[in-house]
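Here is the structure we will look at, set down as structure tokens.
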Amino acid sequence: MKRFNGQFTQQEALSPEAIEAAVTVLQHGRLHRYNTLGDELSETALLEVDYARYQEARYCLACASGGYALHIALVASGLKPGDVVLTNAFTLAPVPGAIRNAGGDPVFVEVTDDLVIDLDDLSRKARDTKARFLMLSHMRGHLVDMDALMALVDEHDLILIEDCAHTMGANWGGRKSGSFGKAACFSTQTYKHINSGEGGLLTTDDPELIAQAILLSGSYMLYERHEAAPGPEQFAELRYVTPNCSGRMDNLRAAILRPQLADLDRQVERWNERYRAVEKTLEACPGITVPMRPEKEFYVGSSIQFLLDDLDGEGTEKFLSECLRRGVELKWFGAAQPAGYTSRHDSWRYACAQSLPQTDAVLTRLCDMRIPLTFSVDDCRLIGELIAEARGAI
Ligand SMILES: *Cc1c(COP(=O)(O)O)cnc(C)c1O
């Protein structure tokens with residue numbers, strides 16, 4: 001039997017430039033972002049400038065994690081304890097976690113077969129709950145029709161926060177994912193598009209929001225050492241009323257991120273080549289449906305999702321073990337118990353229980369696979385064939 005022998009959790013090594021930048025920081029020893037000499041700009045402040053430019057945003061804050069960025073984006077947007085926050089039912093645990101951390105009440109919105117938020121359900125729930133906030137998770141890199149979404153955001157006067165953990169580098173009709181909402185949050189955790197182990201980035205055009213976010217992240221009144229930020233007058237009052245919830249980024253992580261950011265668009269092309277190699281085989285495979293990707297969506301194929309047709313739980317388990325026998329490690333969002341990152345709304349019991357039949361029907365059929373750049377395009381072709389072979393064996 002043909003078998004794939006790669007590791008689904010192995011990312012690429014850091015580039016010589018990133019390693020050199022890290023060594024420079026280690027040699028001077030000024031790892032804390034506010035530990036600067038004279039008018040030196042820290043690597044963290046420079047990363048914020050670079051990322052604001054990449055994202056075409058006015059302001060940027062680098063912080064401890066993507067989940068932390070989501071949390072402070074909500075607080076800095078004026079969320080009060082008990083406020084309802086609408087969010088997709090198909091997302092990753094840090095999203096409802098951030099809503100909870102900010103004191104909000106997550107209300108989950110159904111997702112479609114194409115793995116994006118269901119706009120009819122969003123409209124209904126926005127009306128029924130009178131929610132002020134929508135945390136839109138571009139989960140697994142799938143962009144909803146952003147034109148239609150923004151029309152609903154306007155109609156219901158929602159404050160939109162975008163979770164762009166999987167859409168760094170993506171765009172909708174040429175407009176960067178993350179530039180639609182009041183704020184956008186990104187992760188630089190190892191399995192995302194640039195890798196510092198842990199880390200987060202928050203972008204916005206709103207001077208008051210970023211000032212609050214900077215103070216929340218723990219600026220020790222040193223906000224003047226931020227470059228991708230408004231002037232000191234914006235902080236004059238806020239600094240007395242905004243708590244320090246320490247969650248800064250450090251210069252070592254920022255230093256290794258900057259060269260990766262400079263290389264991001266090239267990496268995106270490499271991901272997409274690999275994604276399309278797997279997708280092509282799966283699209284031709286009976287019993288498998290690959291989500292439709294709209295014309296206006298420019299995605300980053302760092303992972304692939306597909307739905308299984310006509311298989312019950314037992315059949316699915318059998319399919320997954322046939323894949324595993326061939327060295328292909330898939331995640332399944334339909335298992336009774338959460339495993340790894342596949343937890344779902346009914347495992348987040350700190351949120352009140354909600355009925356989401358449409359989402360449940362999608363998750364029961366949903367398989368997910370990471371595409372690390374350590375895989376070659378040929379590896380990806382082989383993986384597609386092996387999945388098709390396993391599906392045929394059921
Ligand atoms: C990774 C991820 C986050 C944030 O993750 P951190 O581990 O906190 O950096 C948020 N949303 C989604 C959808 C993610 O996959």
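Every chain in the structure tokens has a letter given in the order shown (A, B, ...), and although residue numbers restart at 1 in each chain, ligands are simply numbered from 1 in the order shown.
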- Message: Quick check for you: according to DSSP on this backbone, which residues of range 145-386 of chain A are classed as strand (DSSP E)? Reply as an MDAnalysis selection string.
- Response: chainID A and resid 159:163 171:172 175:176 183:187 200:204 288:289 297:298 303:308 331:332 366:370
Just want the residues within 10 Å of ligand 1, written as a compact mmCIF listing (two decimals) with all heavy atoms, in the first residue's frame, counting only C-alpha atoms and all ligand atoms.
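Contents of the output file part_27.txt:
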# COMPACT_ATOMS: atom_id res chain seq x y z
N CYS A 63 1.17 41.78 20.44
CA CYS A 63 0.89 41.33 21.81
C CYS A 63 1.15 39.83 21.97
O CYS A 63 1.76 39.21 21.11
CB CYS A 63 -0.54 41.72 22.20
SG CYS A 63 -1.78 41.01 21.13
N ALA A 64 0.68 39.30 23.10
CA ALA A 64 1.11 37.96 23.53
C ALA A 64 0.54 36.81 22.69
O ALA A 64 1.20 35.79 22.51
CB ALA A 64 0.73 37.76 25.00
N SER A 65 -0.69 36.94 22.20
CA SER A 65 -1.29 35.85 21.42
C SER A 65 -2.45 36.39 20.61
O SER A 65 -2.93 37.51 20.85
CB SER A 65 -1.80 34.74 22.35
OG SER A 65 -2.94 35.18 23.06
N GLY A 66 -2.92 35.59 19.67
CA GLY A 66 -4.09 35.96 18.89
C GLY A 66 -5.32 36.06 19.78
O GLY A 66 -6.13 36.98 19.63
N GLY A 67 -5.46 35.12 20.70
CA GLY A 67 -6.60 35.13 21.61
C GLY A 67 -6.60 36.38 22.49
O GLY A 67 -7.64 36.97 22.75
N TYR A 68 -5.41 36.79 22.92
CA TYR A 68 -5.29 38.00 23.74
C TYR A 68 -5.69 39.23 22.91
O TYR A 68 -6.39 40.13 23.40
CB TYR A 68 -3.85 38.15 24.26
CG TYR A 68 -3.64 39.36 25.13
CD1 TYR A 68 -3.95 39.33 26.48
CD2 TYR A 68 -3.16 40.55 24.59
CE1 TYR A 68 -3.80 40.46 27.28
CE2 TYR A 68 -2.99 41.68 25.37
CZ TYR A 68 -3.31 41.63 26.72
OH TYR A 68 -3.15 42.75 27.50
N ALA A 69 -5.26 39.27 21.65
CA ALA A 69 -5.63 40.39 20.77
C ALA A 69 -7.15 40.47 20.63
O ALA A 69 -7.74 41.57 20.70
CB ALA A 69 -4.97 40.23 19.40
N LEU A 70 -7.81 39.33 20.47
CA LEU A 70 -9.28 39.31 20.36
C LEU A 70 -9.92 39.85 21.63
O LEU A 70 -10.89 40.62 21.59
CB LEU A 70 -9.77 37.88 20.10
CG LEU A 70 -9.43 37.28 18.73
CD1 LEU A 70 -9.71 35.77 18.73
CD2 LEU A 70 -10.23 37.96 17.62
N HIS A 71 -9.39 39.41 22.75
CA HIS A 71 -9.92 39.84 24.05
C HIS A 71 -9.82 41.36 24.20
O HIS A 71 -10.82 42.03 24.48
CB HIS A 71 -9.13 39.09 25.15
CG HIS A 71 -9.19 39.68 26.50
ND1 HIS A 71 -8.15 39.63 27.38
CD2 HIS A 71 -10.18 40.36 27.14
CE1 HIS A 71 -8.48 40.25 28.50
NE2 HIS A 71 -9.70 40.70 28.39
N PHE A 90 -18.83 27.72 13.99
CA PHE A 90 -17.63 26.96 13.62
C PHE A 90 -16.44 27.90 13.75
O PHE A 90 -16.22 28.78 12.93
CB PHE A 90 -17.75 26.45 12.19
CG PHE A 90 -16.49 25.80 11.65
CD1 PHE A 90 -15.80 24.83 12.39
CD2 PHE A 90 -15.97 26.13 10.41
CE1 PHE A 90 -14.64 24.23 11.91
CE2 PHE A 90 -14.82 25.54 9.90
CZ PHE A 90 -14.15 24.58 10.66
N THR A 91 -15.71 27.73 14.86
CA THR A 91 -14.50 28.51 15.06
C THR A 91 -13.60 27.75 16.01
O THR A 91 -13.89 26.60 16.35
CB THR A 91 -14.82 29.94 15.57
OG1 THR A 91 -13.60 30.67 15.66
CG2 THR A 91 -15.48 29.92 16.94
N LEU A 92 -12.51 28.38 16.41
CA LEU A 92 -11.59 27.73 17.32
C LEU A 92 -11.82 28.24 18.74
O LEU A 92 -12.24 29.37 18.93
CB LEU A 92 -10.15 28.02 16.87
CG LEU A 92 -9.17 26.87 17.09
CD1 LEU A 92 -9.39 25.74 16.11
CD2 LEU A 92 -7.73 27.39 16.97
N ALA A 93 -11.50 27.39 19.71
CA ALA A 93 -11.78 27.69 21.12
C ALA A 93 -11.30 29.08 21.61
O ALA A 93 -11.96 29.66 22.47
CB ALA A 93 -11.19 26.60 22.00
N PRO A 94 -10.19 29.64 21.11
CA PRO A 94 -9.80 30.97 21.62
C PRO A 94 -10.81 32.08 21.31
O PRO A 94 -10.77 33.13 21.97
CB PRO A 94 -8.46 31.28 20.93
CG PRO A 94 -8.15 30.15 20.04
CD PRO A 94 -9.15 29.06 20.26
N VAL A 95 -11.70 31.85 20.37
CA VAL A 95 -12.69 32.90 20.03
C VAL A 95 -13.76 33.01 21.12
O VAL A 95 -13.89 34.08 21.74
CB VAL A 95 -13.26 32.68 18.61
CG1 VAL A 95 -14.36 33.69 18.32
CG2 VAL A 95 -12.14 32.78 17.59
N PRO A 96 -14.51 31.94 21.41
CA PRO A 96 -15.44 32.07 22.54
C PRO A 96 -14.69 32.35 23.84
O PRO A 96 -15.21 33.06 24.72
CB PRO A 96 -16.15 30.71 22.59
CG PRO A 96 -15.29 29.77 21.82
CD PRO A 96 -14.63 30.61 20.76
N GLY A 97 -13.46 31.86 23.95
CA GLY A 97 -12.65 32.13 25.14
C GLY A 97 -12.38 33.62 25.32
O GLY A 97 -12.49 34.16 26.41
N ALA A 98 -12.04 34.29 24.21
CA ALA A 98 -11.77 35.73 24.27
C ALA A 98 -13.04 36.50 24.63
O ALA A 98 -13.00 37.47 25.40
CB ALA A 98 -11.21 36.22 22.94
N LEU A 136 -16.29 38.15 13.88
CA LEU A 136 -16.38 37.29 12.70
C LEU A 136 -15.07 36.51 12.57
O LEU A 136 -14.01 37.10 12.36
CB LEU A 136 -16.60 38.15 11.45
CG LEU A 136 -16.62 37.40 10.12
CD1 LEU A 136 -17.82 36.44 10.05
CD2 LEU A 136 -16.66 38.37 8.94
N SER A 137 -15.18 35.20 12.69
CA SER A 137 -13.99 34.36 12.60
C SER A 137 -13.88 33.82 11.18
O SER A 137 -14.74 33.07 10.74
CB SER A 137 -14.11 33.22 13.61
OG SER A 137 -12.96 32.44 13.59
N HIS A 138 -12.82 34.21 10.49
CA HIS A 138 -12.60 33.68 9.13
C HIS A 138 -11.97 32.29 9.29
O HIS A 138 -10.83 32.05 8.90
CB HIS A 138 -11.69 34.60 8.33
CG HIS A 138 -12.18 36.02 8.25
ND1 HIS A 138 -13.38 36.36 7.66
CD2 HIS A 138 -11.64 37.19 8.67
CE1 HIS A 138 -13.53 37.69 7.72
NE2 HIS A 138 -12.49 38.20 8.33
N MET A 139 -12.74 31.42 9.92
CA MET A 139 -12.23 30.12 10.36
C MET A 139 -11.68 29.30 9.21
O MET A 139 -12.30 29.19 8.15
CB MET A 139 -13.39 29.38 11.05
CG MET A 139 -13.07 27.99 11.54
SD MET A 139 -11.76 27.94 12.81
CE MET A 139 -11.92 26.20 13.29
N ARG A 140 -10.47 28.78 9.44
CA ARG A 140 -9.78 27.95 8.44
C ARG A 140 -9.62 28.69 7.12
O ARG A 140 -9.50 28.06 6.05
CB ARG A 140 -10.48 26.60 8.24
CG ARG A 140 -10.33 25.58 9.38
CD ARG A 140 -9.08 25.72 10.16
NE ARG A 140 -8.31 24.51 10.35
CZ ARG A 140 -7.03 24.50 10.75
NH1 ARG A 140 -6.40 25.63 10.99
NH2 ARG A 140 -6.38 23.37 10.93
N GLY A 141 -9.65 30.02 7.18
CA GLY A 141 -9.34 30.82 6.01
C GLY A 141 -10.48 31.03 5.04
O GLY A 141 -10.27 31.55 3.95
N GLU A 162 -12.70 41.39 13.38
CA GLU A 162 -12.36 40.25 12.53
C GLU A 162 -11.28 39.38 13.17
O GLU A 162 -10.25 39.88 13.60
CB GLU A 162 -11.84 40.73 11.17
CG GLU A 162 -12.86 41.45 10.31
CD GLU A 162 -12.26 41.84 8.96
OE1 GLU A 162 -12.05 40.94 8.12
OE2 GLU A 162 -11.98 43.04 8.78
N ASP A 163 -11.55 38.10 13.20
CA ASP A 163 -10.55 37.12 13.65
C ASP A 163 -9.86 36.58 12.40
O ASP A 163 -10.42 35.77 11.68
CB ASP A 163 -11.24 35.99 14.42
CG ASP A 163 -10.31 34.80 14.62
OD1 ASP A 163 -9.08 34.97 14.57
OD2 ASP A 163 -10.84 33.69 14.84
N CYS A 164 -8.66 37.08 12.15
CA CYS A 164 -7.94 36.75 10.91
C CYS A 164 -6.79 35.76 11.16
O CYS A 164 -5.79 35.80 10.45
CB CYS A 164 -7.39 38.03 10.30
SG CYS A 164 -8.66 39.24 9.90
N ALA A 165 -6.97 34.90 12.14
CA ALA A 165 -5.90 33.94 12.46
C ALA A 165 -5.50 33.11 11.23
O ALA A 165 -4.34 32.73 11.09
CB ALA A 165 -6.33 33.02 13.59
N HIS A 166 -6.48 32.84 10.34
CA HIS A 166 -6.17 32.03 9.15
C HIS A 166 -6.25 32.83 7.86
O HIS A 166 -6.25 32.24 6.78
CB HIS A 166 -7.13 30.84 9.05
CG HIS A 166 -7.09 29.95 10.25
ND1 HIS A 166 -8.20 29.33 10.76
CD2 HIS A 166 -6.06 29.59 11.06
CE1 HIS A 166 -7.87 28.63 11.83
NE2 HIS A 166 -6.58 28.76 12.03
N THR A 167 -6.39 34.14 7.96
CA THR A 167 -6.48 34.93 6.72
C THR A 167 -5.40 36.01 6.64
O THR A 167 -5.54 36.96 5.87
CB THR A 167 -7.88 35.59 6.53
OG1 THR A 167 -8.19 36.36 7.69
CG2 THR A 167 -8.95 34.55 6.30
N CYS A 185 -7.66 40.94 14.29
CA CYS A 185 -6.70 40.26 15.15
C CYS A 185 -6.07 39.10 14.41
O CYS A 185 -6.75 38.36 13.68
CB CYS A 185 -7.41 39.74 16.39
SG CYS A 185 -8.20 41.07 17.31
N PHE A 186 -4.78 38.94 14.60
CA PHE A 186 -3.98 37.92 13.91
C PHE A 186 -3.18 37.15 14.94
O PHE A 186 -2.90 37.67 16.03
CB PHE A 186 -3.03 38.60 12.92
CG PHE A 186 -3.71 39.48 11.91
CD1 PHE A 186 -4.10 40.78 12.24
CD2 PHE A 186 -3.99 39.02 10.62
CE1 PHE A 186 -4.75 41.60 11.33
CE2 PHE A 186 -4.64 39.83 9.70
CZ PHE A 186 -5.02 41.13 10.06
N SER A 187 -2.79 35.95 14.58
CA SER A 187 -1.98 35.13 15.49
C SER A 187 -0.65 34.82 14.81
O SER A 187 -0.61 34.60 13.59
CB SER A 187 -2.74 33.84 15.80
OG SER A 187 -1.91 32.94 16.49
N THR A 188 0.42 34.79 15.60
CA THR A 188 1.72 34.39 15.04
C THR A 188 2.20 33.11 15.74
O THR A 188 3.38 32.86 15.83
CB THR A 188 2.76 35.51 15.20
OG1 THR A 188 3.00 35.76 16.60
CG2 THR A 188 2.30 36.80 14.54
N GLN A 189 1.22 32.36 16.22
CA GLN A 189 1.47 31.07 16.81
C GLN A 189 2.01 30.12 15.71
O GLN A 189 1.75 30.34 14.52
CB GLN A 189 0.11 30.65 17.37
CG GLN A 189 0.07 29.48 18.24
CD GLN A 189 -0.92 28.53 17.64
OE1 GLN A 189 -0.58 27.85 16.68
NE2 GLN A 189 -2.14 28.51 18.16
N THR A 190 2.72 29.09 16.13
CA THR A 190 3.44 28.22 15.18
C THR A 190 2.61 27.70 14.01
O THR A 190 3.13 27.54 12.91
CB THR A 190 4.05 27.03 15.96
OG1 THR A 190 5.04 27.58 16.83
CG2 THR A 190 4.72 26.02 15.03
N TYR A 191 1.32 27.46 14.20
CA TYR A 191 0.55 26.85 13.10
C TYR A 191 -0.15 27.88 12.21
O TYR A 191 -0.99 27.53 11.40
CB TYR A 191 -0.47 25.86 13.67
CG TYR A 191 0.22 24.74 14.41
CD1 TYR A 191 0.17 24.65 15.79
CD2 TYR A 191 0.99 23.82 13.70
CE1 TYR A 191 0.84 23.64 16.46
CE2 TYR A 191 1.67 22.82 14.36
CZ TYR A 191 1.60 22.72 15.73
OH TYR A 191 2.28 21.74 16.39
N LYS A 192 0.21 29.15 12.35
CA LYS A 192 -0.41 30.18 11.51
C LYS A 192 0.57 30.57 10.41
O LYS A 192 1.44 29.79 10.08
CB LYS A 192 -0.85 31.36 12.38
CG LYS A 192 -1.65 30.91 13.62
CD LYS A 192 -2.94 30.16 13.26
CE LYS A 192 -3.49 29.36 14.44
NZ LYS A 192 -4.37 30.09 15.31
N GLY A 197 6.19 31.08 17.61
CA GLY A 197 5.81 30.22 18.74
C GLY A 197 4.47 30.68 19.29
O GLY A 197 3.47 29.98 19.17
N GLU A 198 4.46 31.88 19.87
CA GLU A 198 3.24 32.52 20.34
C GLU A 198 3.29 33.97 19.89
O GLU A 198 4.37 34.52 19.68
CB GLU A 198 3.14 32.51 21.87
CG GLU A 198 3.16 31.14 22.52
CD GLU A 198 1.87 30.37 22.35
OE1 GLU A 198 0.89 30.93 21.81
OE2 GLU A 198 1.84 29.20 22.76
N GLY A 199 2.15 34.62 19.80
CA GLY A 199 2.14 36.05 19.48
C GLY A 199 0.84 36.46 18.82
O GLY A 199 0.11 35.62 18.27
N GLY A 200 0.54 37.75 18.88
CA GLY A 200 -0.67 38.27 18.26
C GLY A 200 -0.44 39.67 17.72
O GLY A 200 0.50 40.36 18.14
N LEU A 201 -1.28 40.07 16.76
CA LEU A 201 -1.22 41.41 16.19
C LEU A 201 -2.64 41.94 16.11
O LEU A 201 -3.56 41.20 15.75
CB LEU A 201 -0.60 41.37 14.79
CG LEU A 201 0.89 41.00 14.74
CD1 LEU A 201 1.26 40.49 13.34
CD2 LEU A 201 1.76 42.18 15.12
N TYR A 341 -7.57 20.42 18.21
CA TYR A 341 -8.26 21.70 18.00
C TYR A 341 -9.70 21.54 17.52
O TYR A 341 -10.33 22.50 17.09
CB TYR A 341 -7.45 22.59 17.03
CG TYR A 341 -7.16 21.99 15.67
CD1 TYR A 341 -8.11 22.02 14.65
CD2 TYR A 341 -5.92 21.42 15.40
CE1 TYR A 341 -7.85 21.50 13.40
CE2 TYR A 341 -5.65 20.88 14.14
CZ TYR A 341 -6.61 20.93 13.15
OH TYR A 341 -6.33 20.40 11.92
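Here CA of His142 in chain A and CA of Gly169 in chain A stand 12.5 Å from one another.
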- Out of A:Gln358, A:Asp312, A:Pro286, A:Glu297, which residue has the shortest atom-to-atom distance to Asp147 in chain A when counting only C-alpha atoms? A:Glu297
- Message: I'd like the contact shell of range 367-375 of chain A - 10 Å cut-off, only C-alpha atoms, skipping same-chain residues fewer than 4 positions apart - returned as an MDAnalysis selection string.
- Response: chainID A and resid 6:13 140 191:193 267:268 270:272 274:275 278 288 301:308 316 320 328:334 342 362:363 379:380 383
